[in-house]
Amino acid sequence: MKTLFIMATLLAGQAAPSAKPEDTEVWTPEPPVVVPGAFVAAPPPADAIRLFDGRDLSQWVSTKDGSPARWVVTDGIVTVAKGTGNIETKRRFGSYQLHLEWRVPAGITGTGQARGNSGLFLASTGKGDDGYELQIMDSYRNKTYVNGQAGSIYKQLIPLANPARAPGEWQSYDVVWTAPVFASDGGVNRPASVTVLFNGVLVQDHSVLKGPTQYIGQPSYKAHGRAPIKLQDHGDPSAPISFRNIWIRDLP
């Protein structure tokens with residue numbers, strides 16, 4: 001009976017009781033460090049939707065209950081208010097081009113994953129940390145598993161390079177997200193794929209995802225439609241992450 005239960009949970013795309021987070025951590029080889037060029041501001045093109053323009057969070061809600069987002073907006077920057085939970089866009093998106101700038105505070109402490117941890121969920125598929133996560137964290141001279149460093153699709157896709165800037169400096173993600181397409185019976189006609197430029201350096205090149213992020217166990221797809229974009233309140237004890245200049249363009 002126990003064997004049947006384990007098989008059933010695996011087939012359902014979830015972890016067996018004996019599975020551990022460490023099972024899906026990859027530590028080598030480490031992506032090469034690439035010193036990025038000077039930071040260049042990226043104003044939105046004419047057809048872009050401003051998801052955060054520095055004034056308010058009117059485009060965002062709490063993932064938990066749909067109430068107004070409670071992160072802190074000051075001087076054109078929004079900062080995670082620890083303990084308030086993830087926030088997500090009011091709008092739902094399919095495929096898109098996205099620009100986002102983020103900053104780990106100067107003087108941050110901690111090591112590994114406990115160092116400025118957050119995440120950009122390219123499509124939120126539920127409450128909590130459900131969805132397809134592009135990792136955000138301090139990866140400047142900070143060793144962790146390579147499929148969990150900045151620029152990775154968490155626990156799935158290792159970045160091609162590590163162009164992270166030092167804490168206190170602004171970083172940028174430019175993302176082209178191709179949403180998955182599902183058949184009427186829930187099968188996958190086209191898996192999701194993503195291209196990511198991290199500080200102007202290519203770190204994901206039309207990378208194909210196996211499904212939404214799974215902290216323990218292997219990912220698998222479950223049919224969904226257009227979805228919000230989510231930013232993570234990871235609860236990192238070291239310091240909260242800040243964001244600015246977030247815009248998006250719908251793609252066919």
# chains A, B, ... in the order shown; residues from 1 in each chain; ligands from 1

$ residues_around --residues "Trp71 (chain A)" --least-positions-apart "4" --cutoff "8 Å" --atoms "only C-alpha atoms" --output "PyMOL selection string"
chain A and resi 78-81+84

$ write_last_selection --atoms "N, CA and C atoms" --output "CSV table (one decimal), in the first residue's frame"
chain,number,residue,atom,x,y,z
A,78,VAL,N,9.6,50.6,-4.8
A,78,VAL,CA,8.8,49.8,-4.0
A,78,VAL,C,9.6,48.7,-3.3
A,79,THR,N,9.5,48.6,-2.0
A,79,THR,CA,10.3,47.6,-1.2
A,79,THR,C,9.3,46.6,-0.5
A,80,VAL,N,9.8,45.4,-0.5
A,80,VAL,CA,9.0,44.3,0.2
A,80,VAL,C,8.8,44.7,1.7
A,81,ALA,N,7.5,44.7,2.1
A,81,ALA,CA,7.2,44.8,3.5
A,81,ALA,C,7.1,43.4,4.1
A,84,THR,N,4.0,40.7,4.8
A,84,THR,CA,2.7,41.1,4.2
A,84,THR,C,2.4,40.1,3.1

$ closest_atom_pairs --of "region 162-208 of chain A" --to "region 116-120 of chain A" --cutoff "12 Å" --atoms "only C-alpha atoms" --output "Markdown table"
| residue | atom | partner | partner_atom | distance |
| --- | --- | --- | --- | --- |
| A:Ala166 | CA | A:Gly116 | CA | 11.6 |
| A:Pro167 | CA | A:Gly116 | CA | 8.9 |
| A:Gly168 | CA | A:Gly116 | CA | 10.9 |
| A:Ser172 | CA | A:Leu120 | CA | 11.9 |
| A:Tyr173 | CA | A:Leu120 | CA | 9.7 |
| A:Asp174 | CA | A:Leu120 | CA | 11.6 |
| A:Val175 | CA | A:Leu120 | CA | 10.5 |
| A:Val196 | CA | A:Leu120 | CA | 11.9 |

$ write_last_selection --atoms "all heavy atoms" --output "short mmCIF file (atom, residue, chain, number, x, y, z; two decimals), in the first residue's frame"
data_model
loop_
_atom_site.label_atom_id
_atom_site.label_comp_id
_atom_site.auth_asym_id
_atom_site.auth_seq_id
_atom_site.Cartn_x
_atom_site.Cartn_y
_atom_site.Cartn_z
N ALA A 166 27.13 44.03 -7.28
CA ALA A 166 27.26 43.97 -5.83
C ALA A 166 25.99 44.48 -5.16
O ALA A 166 25.24 45.27 -5.73
CB ALA A 166 28.46 44.82 -5.40
N PRO A 167 25.73 44.03 -3.94
CA PRO A 167 24.60 44.56 -3.18
C PRO A 167 24.67 46.09 -3.10
O PRO A 167 25.75 46.67 -3.00
CB PRO A 167 24.79 43.94 -1.79
CG PRO A 167 25.53 42.68 -2.05
CD PRO A 167 26.45 42.98 -3.19
N GLY A 168 23.49 46.71 -3.16
CA GLY A 168 23.41 48.16 -3.18
C GLY A 168 23.33 48.74 -4.57
O GLY A 168 22.95 49.91 -4.74
N SER A 172 19.04 44.48 -13.44
CA SER A 172 17.89 44.48 -14.35
C SER A 172 17.65 43.09 -14.93
O SER A 172 18.59 42.32 -15.16
CB SER A 172 18.10 45.47 -15.50
OG SER A 172 19.19 45.08 -16.33
N TYR A 173 16.37 42.79 -15.12
CA TYR A 173 15.94 41.62 -15.88
C TYR A 173 15.14 42.11 -17.10
O TYR A 173 14.23 42.95 -16.95
CB TYR A 173 15.02 40.72 -15.05
CG TYR A 173 15.71 39.78 -14.10
CD1 TYR A 173 15.02 39.28 -12.99
CD2 TYR A 173 17.02 39.34 -14.30
CE1 TYR A 173 15.62 38.39 -12.11
CE2 TYR A 173 17.62 38.46 -13.42
CZ TYR A 173 16.92 37.99 -12.32
OH TYR A 173 17.53 37.11 -11.45
N ASP A 174 15.48 41.56 -18.25
CA ASP A 174 14.65 41.72 -19.45
C ASP A 174 14.24 40.33 -19.89
O ASP A 174 15.10 39.49 -20.17
CB ASP A 174 15.41 42.46 -20.55
CG ASP A 174 15.54 43.94 -20.22
OD1 ASP A 174 14.55 44.67 -20.41
OD2 ASP A 174 16.62 44.36 -19.75
N VAL A 175 12.95 40.10 -19.91
CA VAL A 175 12.40 38.75 -20.06
C VAL A 175 11.48 38.68 -21.28
O VAL A 175 10.65 39.58 -21.49
CB VAL A 175 11.59 38.37 -18.80
CG1 VAL A 175 10.96 36.98 -18.96
CG2 VAL A 175 12.44 38.44 -17.54
N VAL A 196 16.04 35.33 -21.00
CA VAL A 196 16.30 36.33 -19.95
C VAL A 196 17.65 36.98 -20.18
O VAL A 196 18.67 36.29 -20.35
CB VAL A 196 16.28 35.70 -18.54
CG1 VAL A 196 16.55 36.76 -17.47
CG2 VAL A 196 14.96 34.98 -18.27
#

$ closest_residue --among "A:Pro105, A:Pro180, A:Pro159, A:Gly54" --to "Asp138 (chain A)" --atoms "only C-alpha atoms"
A:Pro105

$ closest_residue --among "A:Lys20, A:Arg226, A:Arg249, A:Arg165" --to "Trp102 (chain A)" --atoms "only C-alpha atoms"
A:Arg165

$ atom_distance --atom1 "CA of Ser95 (chain A)" --atom2 "CA of Ala192 (chain A)"
9.2 Å

$ atom_distance --atom1 "CA of Ala223 (chain A)" --atom2 "CA of Asp205 (chain A)"
24.0 Å

$ atom_distance --atom1 "CA of Asp185 (chain A)" --atom2 "CA of Tyr215 (chain A)"
26.5 Å

$ select_by_dssp --residues "region 81-228 of chain A" --states "strand (DSSP E)" --output "ChimeraX atom specification"
/A:87-89,96-103,118-124,131-136,170-178,181-182,188-190,193-198,201-208

$ residues_around --residues "Arg244 (chain A)" --least-positions-apart "6" --cutoff "12 Å" --atoms "only C-alpha atoms" --output "list in words"
Ala41, Ala42, Pro43, Arg50, Leu51, Phe52, Asp53, Gly54, Arg55, Asp56, Leu57, Val72, Val73, Thr74, Asp75, Gly76, Ile77, Val78, Thr79, Val80, His99, Leu100, Glu101, Trp102, Arg103, Trp170, Gln171, Ser172 and Tyr173 of chain A

$ closest_atom_pairs --of "region 40-146 of chain A" --to "region 150-155 of chain A" --cutoff "10 Å" --atoms "only C-alpha atoms" --output "tab-separated table"
residue	atom	partner	partner_atom	distance
A:Asn117	CA	A:Ala150	CA	9.1
A:Ser118	CA	A:Ala150	CA	9.5
A:Gly119	CA	A:Tyr154	CA	8.8
A:Leu120	CA	A:Ile153	CA	9.6
A:Phe121	CA	A:Ile153	CA	9.5
A:Leu122	CA	A:Ile153	CA	9.8
A:Tyr132	CA	A:Ile153	CA	7.4
A:Glu133	CA	A:Ile153	CA	5.7
A:Leu134	CA	A:Ile153	CA	4.6
A:Gln135	CA	A:Ala150	CA	5.1
A:Ile136	CA	A:Ala150	CA	5.0
A:Met137	CA	A:Ala150	CA	5.5
A:Asp138	CA	A:Ala150	CA	6.9
A:Ser139	CA	A:Ala150	CA	5.8
A:Tyr140	CA	A:Ala150	CA	9.2
A:Thr144	CA	A:Ala150	CA	9.9
A:Tyr145	CA	A:Lys155	CA	8.9
A:Val146	CA	A:Ser152	CA	7.5

$ closest_atom_pairs --of "region 91-168 of chain A" --to "region 59-63 of chain A" --cutoff "8 Å" --atoms "only C-alpha atoms" --output "CSV"
residue,atom,partner,partner_atom,distance
A:Arg91,CA,A:Gln59,CA,7.6
A:Lys127,CA,A:Thr63,CA,5.9
A:Gly128,CA,A:Thr63,CA,7.1

$ closest_residue --among "A:Leu231, A:Val203, A:Ala38, A:Ile246" --to "Gln149 (chain A)" --atoms "only C-alpha atoms"
A:Val203

$ residues_around --residues "Gln156 (chain A)" --least-positions-apart "5" --cutoff "9 Å" --atoms "only C-alpha atoms" --output "ChimeraX atom specification"
/A:24,147-148,209-210,213-214,218-219

$ write_last_selection --atoms "all heavy atoms" --output "tab-separated table (two decimals), in the first residue's frame"
chain	number	residue	atom	x	y	z
A	24	THR	N	16.93	18.15	-5.42
A	24	THR	CA	16.87	18.84	-6.71
A	24	THR	C	17.81	20.04	-6.77
A	24	THR	O	17.68	20.89	-7.65
A	24	THR	CB	15.43	19.29	-7.02
A	24	THR	OG1	14.88	19.96	-5.87
A	24	THR	CG2	14.55	18.09	-7.36
A	147	ASN	N	21.24	26.08	-9.70
A	147	ASN	CA	19.87	26.21	-10.20
A	147	ASN	C	18.99	26.94	-9.19
A	147	ASN	O	17.76	26.85	-9.24
A	147	ASN	CB	19.27	24.86	-10.58
A	147	ASN	CG	19.21	23.87	-9.42
A	147	ASN	OD1	19.84	24.06	-8.39
A	147	ASN	ND2	18.46	22.79	-9.61
A	148	GLY	N	19.65	27.70	-8.29
A	148	GLY	CA	18.92	28.54	-7.35
A	148	GLY	C	19.51	29.93	-7.23
A	148	GLY	O	19.10	30.72	-6.40
A	209	LEU	N	10.75	25.07	-20.07
A	209	LEU	CA	10.45	24.69	-18.69
A	209	LEU	C	9.71	23.36	-18.64
A	209	LEU	O	8.93	23.03	-19.55
A	209	LEU	CB	9.61	25.77	-18.01
A	209	LEU	CG	10.36	27.03	-17.54
A	209	LEU	CD1	10.74	27.91	-18.72
A	209	LEU	CD2	9.51	27.82	-16.55
A	210	LYS	N	9.92	22.61	-17.56
A	210	LYS	CA	9.23	21.34	-17.35
A	210	LYS	C	7.90	21.51	-16.65
A	210	LYS	O	7.16	20.55	-16.47
A	210	LYS	CB	10.10	20.41	-16.50
A	210	LYS	CG	11.47	20.10	-17.07
A	210	LYS	CD	12.20	19.18	-16.10
A	210	LYS	CE	13.68	19.41	-16.14
A	210	LYS	NZ	14.37	18.59	-15.13
A	213	THR	N	7.42	25.96	-10.86
A	213	THR	CA	8.45	25.71	-9.86
A	213	THR	C	7.97	24.72	-8.80
A	213	THR	O	6.84	24.81	-8.32
A	213	THR	CB	8.85	27.03	-9.19
A	213	THR	OG1	9.50	27.85	-10.18
A	213	THR	CG2	9.78	26.82	-8.01
A	214	GLN	N	8.86	23.81	-8.44
A	214	GLN	CA	8.58	22.83	-7.39
A	214	GLN	C	9.76	22.85	-6.43
A	214	GLN	O	10.89	22.57	-6.82
A	214	GLN	CB	8.42	21.44	-8.02
A	214	GLN	CG	7.84	20.39	-7.10
A	214	GLN	CD	6.32	20.48	-6.99
A	214	GLN	OE1	5.69	21.24	-7.68
A	214	GLN	NE2	5.77	19.70	-6.09
A	218	GLN	N	9.94	16.93	-8.62
A	218	GLN	CA	10.07	17.35	-10.01
A	218	GLN	C	8.82	18.13	-10.48
A	218	GLN	O	7.71	17.81	-10.07
A	218	GLN	CB	10.26	16.13	-10.91
A	218	GLN	CG	11.56	15.39	-10.65
A	218	GLN	CD	12.79	16.25	-10.94
A	218	GLN	OE1	12.79	17.07	-11.85
A	218	GLN	NE2	13.84	16.07	-10.14
A	219	PRO	N	9.02	19.14	-11.32
A	219	PRO	CA	7.88	19.92	-11.82
A	219	PRO	C	7.07	19.15	-12.84
A	219	PRO	O	7.58	18.24	-13.52
A	219	PRO	CB	8.55	21.14	-12.45
A	219	PRO	CG	9.90	20.66	-12.85
A	219	PRO	CD	10.31	19.64	-11.82

$ closest_residue --among "A:Gly211, A:Gly112, A:Gly186, A:Gly83" --to "Asp233 (chain A)" --atoms "only C-alpha atoms"
A:Gly83

$ select_by_dssp --residues "region 9-229 of chain A" --states "helix (DSSP H, G or I)" --output "list in words"
Thr9, Leu10, Leu11, Pro21, Glu22, Asp23, Thr24, Val146, Asn147 and Gly148 of chain A

$ residues_around --residues "Asn162 (chain A)" --least-positions-apart "3" --cutoff "7 Å" --atoms "only C-alpha atoms" --output "list in words"
Pro31, Pro32, Val33 and Val34 of chain A
